[in-house]
Amino acid sequence: MPTRFSTVIILLGLLMWPMTGAMAHTWGDPVVGNLDSIGSDTMAGLMLRWGERLEQRYPAVRLQLQANGSATAPPALAEGTTRLGPMSRRMTASEREMFEASHGYPPTEIPVAMDALAVFVNRHNPLGKLTMTQLDAIFSDTLRCGAETSIERWDDLDRPELAGPIDRHSRNSVSGSYGVFRRDALCGGNFRVDVNEHPGSSSVVAAVAATIGGIGYSGIGYVTSAVRPLALQEGDGPAVMPSERTTLNGEYPLSRTLYLYVNLPPGESLPPVERAFIDLVLSPAGQDSVRESGFIPLPESVIAAVRQALGLNVPWGHVSPR
Amino acid sequence: MRKLLPRRRLLIEGPGAWLAAGGVALSLLMVLALLALIAGRGLAHFWPPDIEAVTLVSGERFAGQPVREQGLPGQASGSERLYRTGNRDLDGDQWRWVEVNAIDTRTTPEDLVIIERRRWGPFIGRLLRLEGPEAQWTASDGAALWRELEERMARVSQLRHERDALHNHRLEPLAEHVDDSAMSPSEEDELREIKARILALQDAMQRDHVVLESLSGQRLELSLEALIEVKRPNAMSLLAKLASWGEGVWRFLSEGPRAANTAGGVWPAIFGTVMMVLLMSVLVTPFGVLAAVYLNEVAPQGRLTRLVRIGVRNLAGVPSIVYGVFGLGVFVYGIGGSLDSLFFADELPSPTFGTGGLLWASLTLALLTLPVVIVATEEGLARIPDSQREGALALGATRSEALRRVVLPMAVPAMLTGVILAIARAAGEVAPLMLVGVAKLASQVPVDDEFPFIHLERKFMHLGYHIFDAGFHGGDVQAAMPLVYATALLLVLVIVVLNLTAILLRHTIRARHVVQAHR
Amino acid sequence: MTERSLSPSPWRRRFRYVRDRLFTLAVTACGIGVILAVLAIGVFLVVEVVPLFTGSASTANSDAIDIESLWLPQQYPGYDEPQYRWQANAATDADTPMFSLTPLAWGTLKAAVYALLFAVPLALGAAIHSACFMSRRLRFRIKPVIELMEALPGVVIGFIAGLVLAPYVERHLVGVFALVLVLPLGILAAGIIQARLPWCLSKRVPLGWAGLWLIPWLAGLVALTLGISPYLEVLWFDGDMRTWMDQQLGLDYATRNAMVVGLAMGFAVIPTIYSLAEDALAGVPASLSEGAQALGASQWQTLWKVLLPAASPGIFSAVMIGAGRAVGETMIVLMATGNTALMTLSPLDGMRSMAANIAIELPEAAPGGVHYQLLLLCALLLFVFTFCVNTLAELVRSRLTQRYQRLGGTT
């Protein structure tokens with residue numbers, strides 16, 4: 001994952017241009033219309049906060065957000081039920097194929113924020129860290145990450161202060177977090193059958209907060225003081241807590257990028273509302289909302305590159321609407 | 001004889017009778033408990049709780065509103081308390097669990113404020129200064145500071161109002177026009193002028209600042225534009241709190257959601273629910289009544305009709321999610337998709353009807369509630385004595401006349417009952433809506449002054465889905481919980497009122513028909 | 001205008017005749033149209049599901065799915081034994097998704113069974129009481145209240161069950177288990193006390209009003225039981241019943257489990273079963289019970305030996321319709337379970353039901369794909385199941401009505 005992200009940076013870095021990260025749109029631009037979005041639940045809070053800002057700025061914009069999970073975005077994009085699909089993971093090849101089959105061109109991928117998938121336990125649980133192998137042995141029954149036996153109970157961790165059954169909480173399969181966790185933490189294996197699947201990230205946090213033996217994962221933006229995030233240890237490396245620093249430098253093993261997928265026919269420019277929205281997202285104000293939602297803002301250089309690639313630095317009026 | 005006249009039996013009616021009575025009592029107890037829980041938690045949320053300044057044994061100080069207390073796991077004694085401490089931008093979280101034993105002192109100083117902000121949730125701490133361009137007021141000014149703050153916040157909301165009006169009444173029409181054709185020079189000038197005024201207003205809103213300090217000593221400077229409400233609950237009298245409670249309820253009913261659906265109100269959800277239900281009843285009433293009239297008055301009363309009747313009745317028991325699947329497959333993907341490619345081809349790939357929306361949701365629910373209306377109307381029709389029909393026919397009326405003039409008017413209350421029951425069922429149904437067009441946030445209601453006024457293709461918010469969404473999808477369940485309770489209370493109230501209406505109606509019909517039958 | 005025409009002209013008569021025909025025709029057409037539209041649901045589902053088995057699905061893997069692979073355990077890579085697994089999307093494109101409907105069907109039925117286990121005794125008890133023992137005045141008031149319960153939205157019940165009840169039950173396990181024992185005993189105790197009271201007091205708390213005056217008594221018992229349960233827990237279970245169960249009995253307790261779902265969904269189906277069963281009991285011709293009582297039977301004996309057997313088909317159909325509702329309920333299961341596709345009988349484990357599965361996964365399934373069609377197959381199964389169950393119940397019920405009429409009742 002970190003490697004993939006860095007390829008994006010390098011690719012976009014080639015396009016980099018000296019510029020400010022400020023918005024090209026300002027207050028008072030004539031932006032009118034609907035903004036639909038269907039997709040990630042992890043990013044729901046983020047989308048809502050961006051939407052609130054957009055609405056404050058352009059009261060004539062109508063927002064319609066649906067957020068049940070990242071996997072709902074590709075069918076909606078392919079079926080044409082939306083033009084904007086936030087996803088907390090990258091599209092898989094088959095999802096891309098599905099999109100291309102119905103539209104004839106690939107979807108446009110826009111990184112909008114960074115996230116660390118935090119693994120957390122109940123606040124009364126003294127556990128401080130887990131190795132990635134142990135994490136796999138707790139959550140999966142295929143043990144693809146190299147564990148000998150699966151960890152059935154807390155006692156199996158061989159720590160005297162830990163005992164009792166493990167209550168495992170996960171997102172449901174619609175979720176991008178589910179996909180990323182399965183790929184990066186379970187090495188592509190399968191979840192155990194007795195892992196609770198929740199419809200939303202906050203419901204995972206609430207469930208772990210309510211159960212002493214609980215363990216779960218979610219985007220770092222959802223972690224509250226009722227649960228305690230764990231440090232993760234890859235191989236013999238140091239145990240790393242999820243944080244802005246460890247995510248940006250790729251030390252934290254479960255870091256990921258959050259994307260916005262847009263249905264943009266090649267050669268066309270974005271419709272005004274979507275343009276204003278993406279402009280806002282990739283502005284300091286938008287990245288402030290990222291922080292407010294508990295996620296991690298993109299590095300400035302990436303933002304600048306993406307803005308350049310999308311042609312967002314032209315102020316309103318210099319580009320004809322549609 | 002002994003059996004007939006028991007002298008000293010333990011129980012007069014035997015244990016079974018008492019257990020049966022317990023069934024009634026327990027069911028009622030559960031309903032009451034559920035309603036009490038929802039009502040209590042939902043209404044208590046708007047009451048401004050005192051802010052406690054807590055000093056821990058370790059010497060650390062913080063301020064917060066106590067939320068609840070629960071026992072420590074695995075121990076019979078000892079408990080921990082949850083505080084809402086706010087200040088998420090400063091502390092990283094707005095909740096704090098504290099073991100009760102670790103608390104040294106708790107006081108409620110009057111100068112603690114809780115400030116609702118546009119971003120980062122509430123601030124809890126002290127108000128140090130209010131700074132304007134010409135002067136500043138500090139906490140030592142006492143009442144003058146608060147008066148000034150109030151005035152200046154009123155000014156900001158006045159400016160905001162002005163800006164939005166400018167946006168809605170001048171900029172929007174212009175933008176719609178520009179969307180269709182190229183801009184003329186005069187329009188360009190107008191646009192520039194409006195933009196300049198909006199920017200000026202925006203600047204004016206940023207003029208005044210407050211300086212705040214948390215109990216841990218961190219300072220924060222905020223423009224008044226970022227504040228929504230400043231309250232000092234510890235200094236409020238009971239009456240002031242009551243007023244604040246009323247205001248809270250009103251804002252909950254009249255405002256839209258904020259802060260990723262964890263604060264603010266549910267107005268768009270109320271509107272969406274009502275709109276969807278109204279549209280559904282407009283769709284379901286004529287069709288339901290027609291089908292019932294056909295089944296009861298027109299169709300030959302043979303074996304086939306009986307089978308059809310049973311079939312229709314049974315559809316009321318088919319799970320609602322199945323209707324949702326049907327709505328998604330047929331209405332959204334099927335009909336909606338073809339409508340789009342036929343009539344809105346120039347909008348593609350942006351969908352118009354090819355996505356879930358108000359129309360499809362109403363249609364799906366209309367289908368779902370059709371059996372309810374058919375059954376109720378049929379019952380009403382069957383109750384009308386045949387003498388009425390025969391009388392009309394004997395006087396020379398044709399069948400259609402007898403139906404329209406005599407039978408249908410008599411069945412109106414039954415139809416109404418059916419429609420009300422259908423509405424009550426539809427208002428609480430969420431599962432099918434999740435597939436056909438309910439949205440997490442649809443900021444504007446689907447009715448406005450723009451042609452054709454009702455926008456059937458738009459997505460909408462729904463009270464029931466809002467409960468699910470805020471409780472399970474929202475950013476912070478803890479913060480959203482009171483709102484979820486309040487929303488649940490609202491939904492239950494709506495449904496209870498509708499059902500009571502239906503029950504009352506049914507009683508009056510029965511009474512009327514009994515009278516008629518005896519005449 | 002028409003009323004005035006005492007001797008209508010032939011034209012008018014003709015006009016009225018044509019209008020009548022047209023009207024009838026329109027009503028017929030609309031009526032049949034509406035009924036067809038409603039029945040189209042089944043047709044739509046069948047049409048969409050058929051390609052799944054014939055193999056003409058327009059997707060990459062267009063192999064026909066055989067029924068065996070959906071219902072029998074399958075051998076998947078990475079497992080020693082054949083498994084029942086539902087894992088609809090693969091982690092990578094190289095993996096195959098696992099589609100087994102067995103755990104979903106299992107979960108659906110399990111949830112329904114636990115809901116009925118809770119609901120049937122309560123609902124039938126309530127129905128028996130209100131049909132046979134309750135004072136008429138109270139009965140007319142209580143029936144609407146219990147019917148109101150039916151209108152409580154599933155999403156509200158599910159939210160309470162998932163976010164309030166489940167954590168509460170977990171923290172107060174001892175208290176909740178104790179309630180199962182305390183409540184029936186408490187009710188009987190109330191009966192005994194009532195029988196021993198002096199006449200002037202006991203006539204104020206008659207059995208006919210027990211549905212009402214038992215409420216505060218039971219509420220007090222519940223509060224007392226839950227209040228002392230932490231001390232019981234320390235006394236008997238070393239302070240934590242979950243740990244104790246885990247260590248002594250080897251039972252694993254999942255927070256979101258069948259017990260909680262049973263409670264919540266039972267709550268939702270009580271009113272359905274109650275009102276149908278009560279109708280059936282109240283509809284038994286009065287002559288039967290009067291005859292029995294004239295022969296010296298007590299009220300309870302009359303009920304047990306006469307009323308219940310006579311009304312049993314009606315009660316059966318009430319339970320069937322309740323089961324139909326429990327099988328299809330979506331939001332409660334979605335919110336109150338962990339949606340774990342387990343196949344255990346234990347009330348302490350979770351489950352995943354078909355309805356909840358559709359609600360979760362349909363938005364992500366690409367239309368026309370295998371996953372989409374399988375979800376539609378689930379919907380079809382639900383449709384067929386509930387339809388059959390309801391039809392059966394309806395037939396039984398109409399038989400019953402005829403029987404009552406034959407027995408000379410005044411139904």
# chains A, B, ... in the order shown; residues from 1 in each chain; ligands from 1
$ select_by_dssp --residues "range 70-229 of chain A" --states "strand (DSSP E or B)" --output "ChimeraX atom specification"
/A:84-87,108-122,129-131,140,153,165,167-171,191,196-198,214-219,227-229
$ select_by_dssp --residues "range 381-441 of chain B" --states "alpha helix (DSSP H)" --output "number ranges by chain"
B: 381-383, 386-394, 399-401, 408-428, 431-436
$ closest_residue --among "B:Phe353, B:Trp120, B:Trp245, B:Phe287" --to "chain C" --atoms "only C-alpha atoms"
B:Phe287
$ closest_residue --among "B:Thr355, B:Gln218, B:Thr138, B:Gln65" --to "chain A" --atoms "only C-alpha atoms"
B:Thr355
$ residues_around --residues "Met153 in chain B" --least-positions-apart "4" --cutoff "10 Å" --atoms "only C-alpha atoms" --output "ChimeraX atom specification"
/B:148-149,157-159,205,208,224-225,227-230
$ residues_around --residues "Gly328 in chain C" --least-positions-apart "5" --cutoff "10 Å" --atoms "only C-alpha atoms" --output "list in words"
Gly317, Val318, Pro319, Ser320, Ile321 and Val322 of chain B; Thr108, Leu109, Ala112, Ala323, Val333, Ser353, Met354, Ala355, Ala356, Ala379, Leu382, Phe383, Phe385 and Thr386 of chain C
$ closest_residue --among "C:Ser69, C:Thr272, C:Ser100, C:Thr330" --to "chain B" --atoms "only C-alpha atoms"
C:Thr330
$ interface_residues --of "chain A" --to "chain C" --cutoff "6 Å" --atoms "only C-alpha atoms" --output "list in words"
Ala71, Thr72, Pro75, Thr142, Gly188, Asp194, Asn196, Glu197 and Ala210 of chain A
$ residues_around --residues "Ser400 in chain B" --least-positions-apart "5" --cutoff "9 Å" --atoms "only C-alpha atoms" --output "PyMOL selection string"
(chain B and resi 405) or (chain C and resi 19-21+23-24)
$ atom_distance --atom1 "CA of Val193 in chain A" --atom2 "CA of Gln248 in chain C"
24.3 Å
$ closest_residue --among "B:Met276, B:Val210, B:Ala39, B:Leu174" --to "Lys195 in chain B" --atoms "only C-alpha atoms"
B:Leu174
$ atom_distance --atom1 "CA of Ile310 in chain B" --atom2 "CA of Val38 in chain C"
12.7 Å
$ residues_around --residues "Val497 in chain B" --least-positions-apart "2" --cutoff "12 Å" --atoms "only C-alpha atoms" --output "PyMOL selection string"
(chain B and resi 420-421+423-424+427+490-495+499-504) or (chain C and resi 148+151-152)
$ write_last_selection --atoms "N, CA, C and O atoms" --output "JSON list (two decimals), in the first residue's frame"
[["chain", "number", "residue", "atom", "x", "y", "z"],
["B", 420, "ILE", "N", -54.73, 5.64, 6.20],
["B", 420, "ILE", "CA", -53.97, 6.05, 7.39],
["B", 420, "ILE", "C", -53.09, 4.91, 7.89],
["B", 420, "ILE", "O", -51.92, 5.11, 8.24],
["B", 421, "LEU", "N", -53.67, 3.68, 7.86],
["B", 421, "LEU", "CA", -52.83, 2.54, 8.27],
["B", 421, "LEU", "C", -51.66, 2.38, 7.32],
["B", 421, "LEU", "O", -50.53, 2.08, 7.74],
["B", 423, "ILE", "N", -50.21, 4.76, 5.68],
["B", 423, "ILE", "CA", -49.25, 5.83, 5.98],
["B", 423, "ILE", "C", -48.43, 5.46, 7.20],
["B", 423, "ILE", "O", -47.20, 5.61, 7.23],
["B", 424, "ALA", "N", -49.12, 4.94, 8.21],
["B", 424, "ALA", "CA", -48.41, 4.58, 9.44],
["B", 424, "ALA", "C", -47.37, 3.51, 9.15],
["B", 424, "ALA", "O", -46.26, 3.54, 9.68],
["B", 427, "ALA", "N", -44.50, 5.15, 7.02],
["B", 427, "ALA", "CA", -43.66, 6.11, 7.71],
["B", 427, "ALA", "C", -42.56, 5.42, 8.50],
["B", 427, "ALA", "O", -41.49, 5.98, 8.71],
["B", 490, "LEU", "N", -39.71, 11.37, 17.77],
["B", 490, "LEU", "CA", -40.50, 12.08, 16.77],
["B", 490, "LEU", "C", -41.21, 11.09, 15.84],
["B", 490, "LEU", "O", -42.41, 11.20, 15.59],
["B", 491, "LEU", "N", -40.46, 10.12, 15.37],
["B", 491, "LEU", "CA", -41.02, 9.12, 14.45],
["B", 491, "LEU", "C", -42.14, 8.35, 15.12],
["B", 491, "LEU", "O", -43.23, 8.16, 14.56],
["B", 492, "VAL", "N", -41.88, 7.91, 16.36],
["B", 492, "VAL", "CA", -42.90, 7.14, 17.07],
["B", 492, "VAL", "C", -44.14, 8.00, 17.30],
["B", 492, "VAL", "O", -45.27, 7.53, 17.12],
["B", 493, "LEU", "N", -43.94, 9.26, 17.65],
["B", 493, "LEU", "CA", -45.08, 10.14, 17.86],
["B", 493, "LEU", "C", -45.93, 10.25, 16.60],
["B", 493, "LEU", "O", -47.16, 10.11, 16.65],
["B", 494, "VAL", "N", -45.26, 10.48, 15.47],
["B", 494, "VAL", "CA", -45.99, 10.60, 14.21],
["B", 494, "VAL", "C", -46.82, 9.35, 13.96],
["B", 494, "VAL", "O", -48.01, 9.42, 13.65],
["B", 495, "ILE", "N", -46.18, 8.19, 14.17],
["B", 495, "ILE", "CA", -46.86, 6.94, 13.86],
["B", 495, "ILE", "C", -48.00, 6.67, 14.84],
["B", 495, "ILE", "O", -49.08, 6.23, 14.45],
["B", 499, "ASN", "N", -51.87, 6.20, 13.86],
["B", 499, "ASN", "CA", -52.59, 4.98, 14.21],
["B", 499, "ASN", "C", -53.82, 5.27, 15.05],
["B", 499, "ASN", "O", -54.86, 4.66, 14.86],
["B", 500, "LEU", "N", -53.66, 6.20, 16.00],
["B", 500, "LEU", "CA", -54.80, 6.54, 16.84],
["B", 500, "LEU", "C", -55.93, 7.08, 15.98],
["B", 500, "LEU", "O", -57.10, 6.73, 16.17],
["B", 501, "THR", "N", -55.57, 7.91, 15.00],
["B", 501, "THR", "CA", -56.59, 8.44, 14.09],
["B", 501, "THR", "C", -57.32, 7.30, 13.40],
["B", 501, "THR", "O", -58.55, 7.29, 13.32],
["B", 502, "ALA", "N", -56.53, 6.32, 12.91],
["B", 502, "ALA", "CA", -57.14, 5.20, 12.21],
["B", 502, "ALA", "C", -58.06, 4.42, 13.14],
["B", 502, "ALA", "O", -59.17, 4.03, 12.77],
["B", 503, "ILE", "N", -57.60, 4.21, 14.38],
["B", 503, "ILE", "CA", -58.41, 3.43, 15.32],
["B", 503, "ILE", "C", -59.72, 4.16, 15.63],
["B", 503, "ILE", "O", -60.80, 3.57, 15.61],
["B", 504, "LEU", "N", -59.62, 5.47, 15.84],
["B", 504, "LEU", "CA", -60.82, 6.25, 16.14],
["B", 504, "LEU", "C", -61.79, 6.20, 14.97],
["B", 504, "LEU", "O", -62.99, 5.98, 15.14],
["C", 148, "LEU", "N", -50.96, -0.83, 18.69],
["C", 148, "LEU", "CA", -50.02, 0.27, 18.47],
["C", 148, "LEU", "C", -48.59, -0.24, 18.46],
["C", 148, "LEU", "O", -47.73, 0.21, 17.71],
["C", 151, "ALA", "N", -47.20, -1.12, 15.30],
["C", 151, "ALA", "CA", -46.81, -0.06, 14.38],
["C", 151, "ALA", "C", -45.47, 0.54, 14.73],
["C", 151, "ALA", "O", -44.94, 1.35, 13.98],
["C", 152, "LEU", "N", -44.88, 0.15, 15.87],
["C", 152, "LEU", "CA", -43.56, 0.70, 16.22],
["C", 152, "LEU", "C", -42.57, 0.31, 15.13],
["C", 152, "LEU", "O", -42.43, -0.86, 14.80]]
